[in-house]
Amino acid sequence: MSGLIAPDGSAAFTELERVWIGAGDTSVFTGRLEPIRDRVVPVSEKVAINDWTTAIPTPGHTPGHTVYDIRSRTGHLLVWGDTVHVPTLQFDQPNVSWELDGNQSQARAARAALLEKLTRPHHFVAGAHLDSPGIARVTPSGDGYALEYLAPPIG
């Protein structure tokens, strides 16, 4: 969230009206983030942000971990933060937890539900800890899942 504040301490997005964030994580808006605290909209349940974006609470990594479902005519793009930390391991073995998950059992349950949702037709994923370019399709594979990037990873 520090990307919301420029290195000089000013707002990085001067026309920012709202920051939709899981209710359990609003306490981070102190110190450098204090200037935008009045624009925080706490998300405590699934809520439509606009006609094409829905915020979905997925507590586990943090109490307020949230993913965003972006819909278009071609399908759904699920954008997440720390649902998966090591894709080469956790897609194949989704029950593997990460030491930094605040509540490991909640994080596992959230990951399992999201991965299962992503196996539906026209559902894609993007976000943190995925290889570049980071947009992929998820398919069932053995006891886990396979990640199929829509374009070859860069690098």
# chains A, B, ... in the order shown; residues from 1 in each chain; ligands from 1

call {"tool": "residues_around", "arguments": {"residues": "Ala23 (chain A)", "least_positions_apart": "5", "cutoff": "12 Å", "atoms": "only C-alpha atoms", "output": "ChimeraX atom specification"}}
result
/A:28-29,40-46,55-59,62-66

call {"tool": "write_last_selection", "arguments": {"atoms": "N, CA and C atoms", "output": "compact mmCIF listing (two decimals), in the first residue's frame"}}
result
# COMPACT_ATOMS: atom_id res chain seq x y z
N VAL A 28 -3.62 -0.16 8.89
CA VAL A 28 -2.33 0.19 8.27
C VAL A 28 -2.30 1.65 7.80
N PHE A 29 -3.43 2.31 7.78
CA PHE A 29 -3.47 3.68 7.29
C PHE A 29 -3.09 4.68 8.39
N VAL A 40 -10.50 5.69 2.70
CA VAL A 40 -10.59 4.25 2.85
C VAL A 40 -12.05 3.81 2.99
N VAL A 41 -12.41 2.80 2.21
CA VAL A 41 -13.73 2.17 2.31
C VAL A 41 -13.49 0.74 2.80
N PRO A 42 -13.82 0.45 4.07
CA PRO A 42 -13.61 -0.90 4.59
C PRO A 42 -14.57 -1.90 3.95
N VAL A 43 -14.03 -3.04 3.52
CA VAL A 43 -14.82 -4.11 2.91
C VAL A 43 -14.94 -5.25 3.92
N SER A 44 -16.16 -5.54 4.36
CA SER A 44 -16.35 -6.63 5.31
C SER A 44 -17.16 -7.78 4.72
N GLU A 45 -17.70 -7.56 3.54
CA GLU A 45 -18.41 -8.61 2.82
C GLU A 45 -18.30 -8.33 1.32
N LYS A 46 -18.65 -9.31 0.52
CA LYS A 46 -18.58 -9.15 -0.94
C LYS A 46 -19.39 -7.91 -1.33
N ALA A 55 -15.32 -6.52 -4.87
CA ALA A 55 -14.33 -6.83 -3.84
C ALA A 55 -14.85 -8.03 -3.05
N ILE A 56 -13.95 -9.03 -2.86
CA ILE A 56 -14.32 -10.26 -2.18
C ILE A 56 -13.35 -10.50 -1.02
N PRO A 57 -13.82 -10.39 0.22
CA PRO A 57 -12.94 -10.67 1.36
C PRO A 57 -12.46 -12.12 1.34
N THR A 58 -11.16 -12.29 1.55
CA THR A 58 -10.54 -13.63 1.61
C THR A 58 -9.52 -13.64 2.74
N PRO A 59 -9.99 -13.47 3.98
CA PRO A 59 -9.05 -13.40 5.10
C PRO A 59 -8.20 -14.65 5.23
N THR A 62 -3.85 -11.91 5.71
CA THR A 62 -4.08 -10.87 6.72
C THR A 62 -5.56 -10.92 7.06
N PRO A 63 -5.98 -10.29 8.16
CA PRO A 63 -7.41 -10.30 8.49
C PRO A 63 -8.28 -9.66 7.41
N GLY A 64 -7.73 -8.72 6.66
CA GLY A 64 -8.51 -8.03 5.64
C GLY A 64 -8.13 -8.37 4.21
N HIS A 65 -7.41 -9.46 4.00
CA HIS A 65 -7.01 -9.81 2.63
C HIS A 65 -8.25 -9.83 1.74
N THR A 66 -8.14 -9.21 0.59
CA THR A 66 -9.27 -9.05 -0.32
C THR A 66 -8.80 -9.30 -1.75

call {"tool": "select_by_dssp", "arguments": {"residues": "chain A", "states": "strand (DSSP E)", "output": "MDAnalysis selection string"}}
result
chainID A and resid 19:22 40:43 47:48 53:57 66:72 75:80 123:127 135:141 144:149

call {"tool": "select_by_dssp", "arguments": {"residues": "region 8-59 of chain A", "states": "helix (DSSP H, G or I)", "output": "list in words"}}
result
Ala23, Gly24, Asp25, Thr26, Ser27, Val28, Gly31, Arg32, Leu33, Glu34, Pro35, Ile36, Arg37, Asp38 and Arg39 of chain A

call {"tool": "write_last_selection", "arguments": {"atoms": "N, CA, C and O atoms", "output": "PDB file, in the first residue's frame"}}
result
ATOM      1  N   ALA A  23     -11.753  -4.765   5.738  1.00  0.00           N
ATOM      2  CA  ALA A  23     -11.948  -4.081   7.013  1.00  0.00           C
ATOM      3  C   ALA A  23     -10.879  -4.438   8.037  1.00  0.00           C
ATOM      4  O   ALA A  23     -10.472  -3.592   8.837  1.00  0.00           O
ATOM      5  N   GLY A  24     -10.389  -5.660   8.003  1.00  0.00           N
ATOM      6  CA  GLY A  24      -9.383  -6.096   8.966  1.00  0.00           C
ATOM      7  C   GLY A  24      -8.013  -5.479   8.760  1.00  0.00           C
ATOM      8  O   GLY A  24      -7.121  -5.647   9.600  1.00  0.00           O
ATOM      9  N   ASP A  25      -7.811  -4.774   7.653  1.00  0.00           N
ATOM     10  CA  ASP A  25      -6.497  -4.181   7.359  1.00  0.00           C
ATOM     11  C   ASP A  25      -6.485  -2.661   7.383  1.00  0.00           C
ATOM     12  O   ASP A  25      -5.477  -2.044   7.053  1.00  0.00           O
ATOM     13  N   THR A  26      -7.567  -2.038   7.764  1.00  0.00           N
ATOM     14  CA  THR A  26      -7.615  -0.574   7.727  1.00  0.00           C
ATOM     15  C   THR A  26      -6.650   0.078   8.721  1.00  0.00           C
ATOM     16  O   THR A  26      -6.290   1.242   8.549  1.00  0.00           O
ATOM     17  N   SER A  27      -6.194  -0.668   9.693  1.00  0.00           N
ATOM     18  CA  SER A  27      -5.280  -0.103  10.689  1.00  0.00           C
ATOM     19  C   SER A  27      -3.929   0.287  10.098  1.00  0.00           C
ATOM     20  O   SER A  27      -3.160   1.011  10.732  1.00  0.00           O
ATOM     21  N   VAL A  28      -3.621  -0.157   8.885  1.00  0.00           N
ATOM     22  CA  VAL A  28      -2.334   0.191   8.274  1.00  0.00           C
ATOM     23  C   VAL A  28      -2.297   1.646   7.802  1.00  0.00           C
ATOM     24  O   VAL A  28      -1.234   2.157   7.475  1.00  0.00           O
ATOM     25  N   GLY A  31       0.787   6.805   9.876  1.00  0.00           N
ATOM     26  CA  GLY A  31       2.102   7.247   9.412  1.00  0.00           C
ATOM     27  C   GLY A  31       2.028   7.831   8.022  1.00  0.00           C
ATOM     28  O   GLY A  31       1.225   8.721   7.758  1.00  0.00           O
ATOM     29  N   ARG A  32       2.837   7.300   7.104  1.00  0.00           N
ATOM     30  CA  ARG A  32       2.877   7.813   5.724  1.00  0.00           C
ATOM     31  C   ARG A  32       1.529   7.707   5.018  1.00  0.00           C
ATOM     32  O   ARG A  32       1.229   8.473   4.113  1.00  0.00           O
ATOM     33  N   LEU A  33       0.703   6.724   5.408  1.00  0.00           N
ATOM     34  CA  LEU A  33      -0.588   6.531   4.742  1.00  0.00           C
ATOM     35  C   LEU A  33      -1.721   7.359   5.357  1.00  0.00           C
ATOM     36  O   LEU A  33      -2.820   7.412   4.807  1.00  0.00           O
ATOM     37  N   GLU A  34      -1.459   8.005   6.459  1.00  0.00           N
ATOM     38  CA  GLU A  34      -2.489   8.795   7.155  1.00  0.00           C
ATOM     39  C   GLU A  34      -3.191   9.811   6.240  1.00  0.00           C
ATOM     40  O   GLU A  34      -4.405   9.983   6.339  1.00  0.00           O
ATOM     41  N   PRO A  35      -2.485  10.484   5.320  1.00  0.00           N
ATOM     42  CA  PRO A  35      -3.155  11.494   4.492  1.00  0.00           C
ATOM     43  C   PRO A  35      -4.302  10.963   3.623  1.00  0.00           C
ATOM     44  O   PRO A  35      -5.158  11.744   3.210  1.00  0.00           O
ATOM     45  N   ILE A  36      -4.340   9.671   3.366  1.00  0.00           N
ATOM     46  CA  ILE A  36      -5.432   9.145   2.540  1.00  0.00           C
ATOM     47  C   ILE A  36      -6.421   8.298   3.341  1.00  0.00           C
ATOM     48  O   ILE A  36      -7.345   7.728   2.787  1.00  0.00           O
ATOM     49  N   ARG A  37      -6.259   8.274   4.658  1.00  0.00           N
ATOM     50  CA  ARG A  37      -7.130   7.464   5.513  1.00  0.00           C
ATOM     51  C   ARG A  37      -8.607   7.819   5.340  1.00  0.00           C
ATOM     52  O   ARG A  37      -9.467   6.946   5.383  1.00  0.00           O
ATOM     53  N   ASP A  38      -8.907   9.064   5.092  1.00  0.00           N
ATOM     54  CA  ASP A  38     -10.307   9.473   4.945  1.00  0.00           C
ATOM     55  C   ASP A  38     -10.945   8.949   3.655  1.00  0.00           C
ATOM     56  O   ASP A  38     -12.155   9.027   3.472  1.00  0.00           O
ATOM     57  N   ARG A  39     -10.148   8.383   2.767  1.00  0.00           N
ATOM     58  CA  ARG A  39     -10.672   7.829   1.510  1.00  0.00           C
ATOM     59  C   ARG A  39     -10.830   6.305   1.559  1.00  0.00           C
ATOM     60  O   ARG A  39     -11.261   5.688   0.594  1.00  0.00           O
TER      61      ARG A  39
END

call {"tool": "atom_distance", "arguments": {"atom1": "CA of Leu114 (chain A)", "atom2": "CA of Leu100 (chain A)"}}
result
19.0 Å

call {"tool": "decode", "arguments": {"residues": "region 18-135 of chain A", "atoms": "C-alpha atoms", "output": "JSON list (two decimals), in the first residue's frame"}}
result
[["chain", "number", "residue", "atom", "x", "y", "z"],
["A", 18, "ARG", "CA", -11.53, 5.81, -2.57],
["A", 19, "VAL", "CA", -9.33, 2.91, -1.45],
["A", 20, "TRP", "CA", -11.35, -0.29, -1.08],
["A", 21, "ILE", "CA", -9.62, -2.48, 1.48],
["A", 22, "GLY", "CA", -10.56, -5.37, 3.73],
["A", 23, "ALA", "CA", -11.95, -4.08, 7.01],
["A", 24, "GLY", "CA", -9.38, -6.10, 8.97],
["A", 25, "ASP", "CA", -6.50, -4.18, 7.36],
["A", 26, "THR", "CA", -7.61, -0.57, 7.73],
["A", 27, "SER", "CA", -5.28, -0.10, 10.69],
["A", 28, "VAL", "CA", -2.33, 0.19, 8.27],
["A", 29, "PHE", "CA", -3.47, 3.68, 7.29],
["A", 30, "THR", "CA", -1.23, 5.47, 9.77],
["A", 31, "GLY", "CA", 2.10, 7.25, 9.41],
["A", 32, "ARG", "CA", 2.88, 7.81, 5.72],
["A", 33, "LEU", "CA", -0.59, 6.53, 4.74],
["A", 34, "GLU", "CA", -2.49, 8.80, 7.16],
["A", 35, "PRO", "CA", -3.15, 11.49, 4.49],
["A", 36, "ILE", "CA", -5.43, 9.15, 2.54],
["A", 37, "ARG", "CA", -7.13, 7.46, 5.51],
["A", 38, "ASP", "CA", -10.31, 9.47, 4.94],
["A", 39, "ARG", "CA", -10.67, 7.83, 1.51],
["A", 40, "VAL", "CA", -10.59, 4.25, 2.85],
["A", 41, "VAL", "CA", -13.73, 2.17, 2.31],
["A", 42, "PRO", "CA", -13.61, -0.90, 4.59],
["A", 43, "VAL", "CA", -14.82, -4.11, 2.91],
["A", 44, "SER", "CA", -16.35, -6.63, 5.31],
["A", 45, "GLU", "CA", -18.41, -8.61, 2.82],
["A", 46, "LYS", "CA", -18.58, -9.15, -0.94],
["A", 47, "VAL", "CA", -19.43, -5.77, -2.44],
["A", 48, "ALA", "CA", -19.73, -4.30, -5.93],
["A", 49, "ILE", "CA", -17.32, -1.40, -6.32],
["A", 50, "ASN", "CA", -18.75, -0.50, -9.72],
["A", 51, "ASP", "CA", -20.55, -2.26, -12.58],
["A", 52, "TRP", "CA", -17.58, -4.50, -13.40],
["A", 53, "THR", "CA", -15.55, -4.87, -10.19],
["A", 54, "THR", "CA", -16.45, -6.74, -7.01],
["A", 55, "ALA", "CA", -14.33, -6.83, -3.84],
["A", 56, "ILE", "CA", -14.32, -10.26, -2.18],
["A", 57, "PRO", "CA", -12.94, -10.67, 1.36],
["A", 58, "THR", "CA", -10.54, -13.63, 1.61],
["A", 59, "PRO", "CA", -9.05, -13.40, 5.10],
["A", 60, "GLY", "CA", -6.09, -15.55, 5.98],
["A", 61, "HIS", "CA", -2.91, -13.93, 4.78],
["A", 62, "THR", "CA", -4.08, -10.87, 6.72],
["A", 63, "PRO", "CA", -7.41, -10.30, 8.49],
["A", 64, "GLY", "CA", -8.51, -8.03, 5.64],
["A", 65, "HIS", "CA", -7.01, -9.81, 2.63],
["A", 66, "THR", "CA", -9.27, -9.05, -0.32],
["A", 67, "VAL", "CA", -9.36, -10.09, -3.98],
["A", 68, "TYR", "CA", -11.05, -8.24, -6.81],
["A", 69, "ASP", "CA", -13.22, -9.89, -9.47],
["A", 70, "ILE", "CA", -13.20, -7.82, -12.66],
["A", 71, "ARG", "CA", -15.86, -8.81, -15.16],
["A", 72, "SER", "CA", -16.05, -8.14, -18.89],
["A", 73, "ARG", "CA", -17.84, -9.59, -21.89],
["A", 74, "THR", "CA", -15.04, -12.16, -22.20],
["A", 75, "GLY", "CA", -15.03, -13.39, -18.61],
["A", 76, "HIS", "CA", -13.66, -12.78, -15.13],
["A", 77, "LEU", "CA", -10.20, -11.64, -14.09],
["A", 78, "LEU", "CA", -9.54, -12.36, -10.43],
["A", 79, "VAL", "CA", -6.83, -10.02, -9.13],
["A", 80, "TRP", "CA", -5.20, -11.08, -5.88],
["A", 81, "GLY", "CA", -2.36, -10.09, -3.60],
["A", 82, "ASP", "CA", -0.90, -12.77, -1.34],
["A", 83, "THR", "CA", -3.22, -15.71, -2.05],
["A", 84, "VAL", "CA", -0.27, -17.70, -3.41],
["A", 85, "HIS", "CA", 3.35, -16.97, -2.53],
["A", 86, "VAL", "CA", 5.28, -19.66, -4.45],
["A", 87, "PRO", "CA", 3.25, -20.59, -7.55],
["A", 88, "THR", "CA", 5.52, -23.47, -8.59],
["A", 89, "LEU", "CA", 4.70, -25.13, -5.26],
["A", 90, "GLN", "CA", 1.29, -23.90, -4.14],
["A", 91, "PHE", "CA", -0.65, -24.55, -7.33],
["A", 92, "ASP", "CA", 0.52, -28.15, -7.30],
["A", 93, "GLN", "CA", 0.09, -28.40, -3.50],
["A", 94, "PRO", "CA", -2.48, -25.75, -2.47],
["A", 95, "ASN", "CA", -2.46, -26.91, 1.16],
["A", 96, "VAL", "CA", 1.12, -25.72, 1.64],
["A", 97, "SER", "CA", 1.05, -22.64, 3.87],
["A", 98, "TRP", "CA", 3.38, -19.70, 4.04],
["A", 99, "GLU", "CA", 4.96, -18.70, 7.30],
["A", 100, "LEU", "CA", 3.79, -15.10, 6.85],
["A", 101, "ASP", "CA", 0.10, -16.00, 6.55],
["A", 102, "GLY", "CA", -1.50, -14.54, 9.66],
["A", 103, "ASN", "CA", -4.03, -17.37, 9.89],
["A", 104, "GLN", "CA", -2.76, -20.37, 7.93],
["A", 105, "SER", "CA", -5.98, -22.40, 8.03],
["A", 106, "GLN", "CA", -8.00, -19.42, 6.75],
["A", 107, "ALA", "CA", -5.39, -18.76, 4.06],
["A", 108, "ARG", "CA", -5.54, -22.39, 2.90],
["A", 109, "ALA", "CA", -9.36, -22.33, 2.81],
["A", 110, "ALA", "CA", -9.41, -19.04, 0.88],
["A", 111, "ARG", "CA", -6.80, -20.32, -1.58],
["A", 112, "ALA", "CA", -8.72, -23.57, -2.14],
["A", 113, "ALA", "CA", -11.97, -21.72, -2.82],
["A", 114, "LEU", "CA", -10.33, -19.24, -5.18],
["A", 115, "LEU", "CA", -8.43, -21.90, -7.13],
["A", 116, "GLU", "CA", -11.59, -23.95, -7.54],
["A", 117, "LYS", "CA", -13.48, -20.85, -8.73],
["A", 118, "LEU", "CA", -10.71, -20.16, -11.25],
["A", 119, "THR", "CA", -11.19, -23.54, -12.94],
["A", 120, "ARG", "CA", -14.52, -22.32, -14.33],
["A", 121, "PRO", "CA", -14.63, -21.39, -18.01],
["A", 122, "HIS", "CA", -13.66, -17.79, -18.83],
["A", 123, "HIS", "CA", -11.99, -17.20, -15.44],
["A", 124, "PHE", "CA", -8.43, -15.89, -15.27],
["A", 125, "VAL", "CA", -6.05, -14.77, -12.54],
["A", 126, "ALA", "CA", -3.54, -11.95, -12.20],
["A", 127, "GLY", "CA", -1.67, -10.52, -9.27],
["A", 128, "ALA", "CA", 1.22, -10.75, -6.90],
["A", 129, "HIS", "CA", 3.75, -13.59, -6.96],
["A", 130, "LEU", "CA", 2.87, -14.80, -10.45],
["A", 131, "ASP", "CA", 5.48, -14.83, -13.19],
["A", 132, "SER", "CA", 5.41, -11.99, -15.68],
["A", 133, "PRO", "CA", 3.17, -11.24, -17.56],
["A", 134, "GLY", "CA", 1.11, -12.68, -14.72],
["A", 135, "ILE", "CA", -2.24, -13.42, -16.37]]
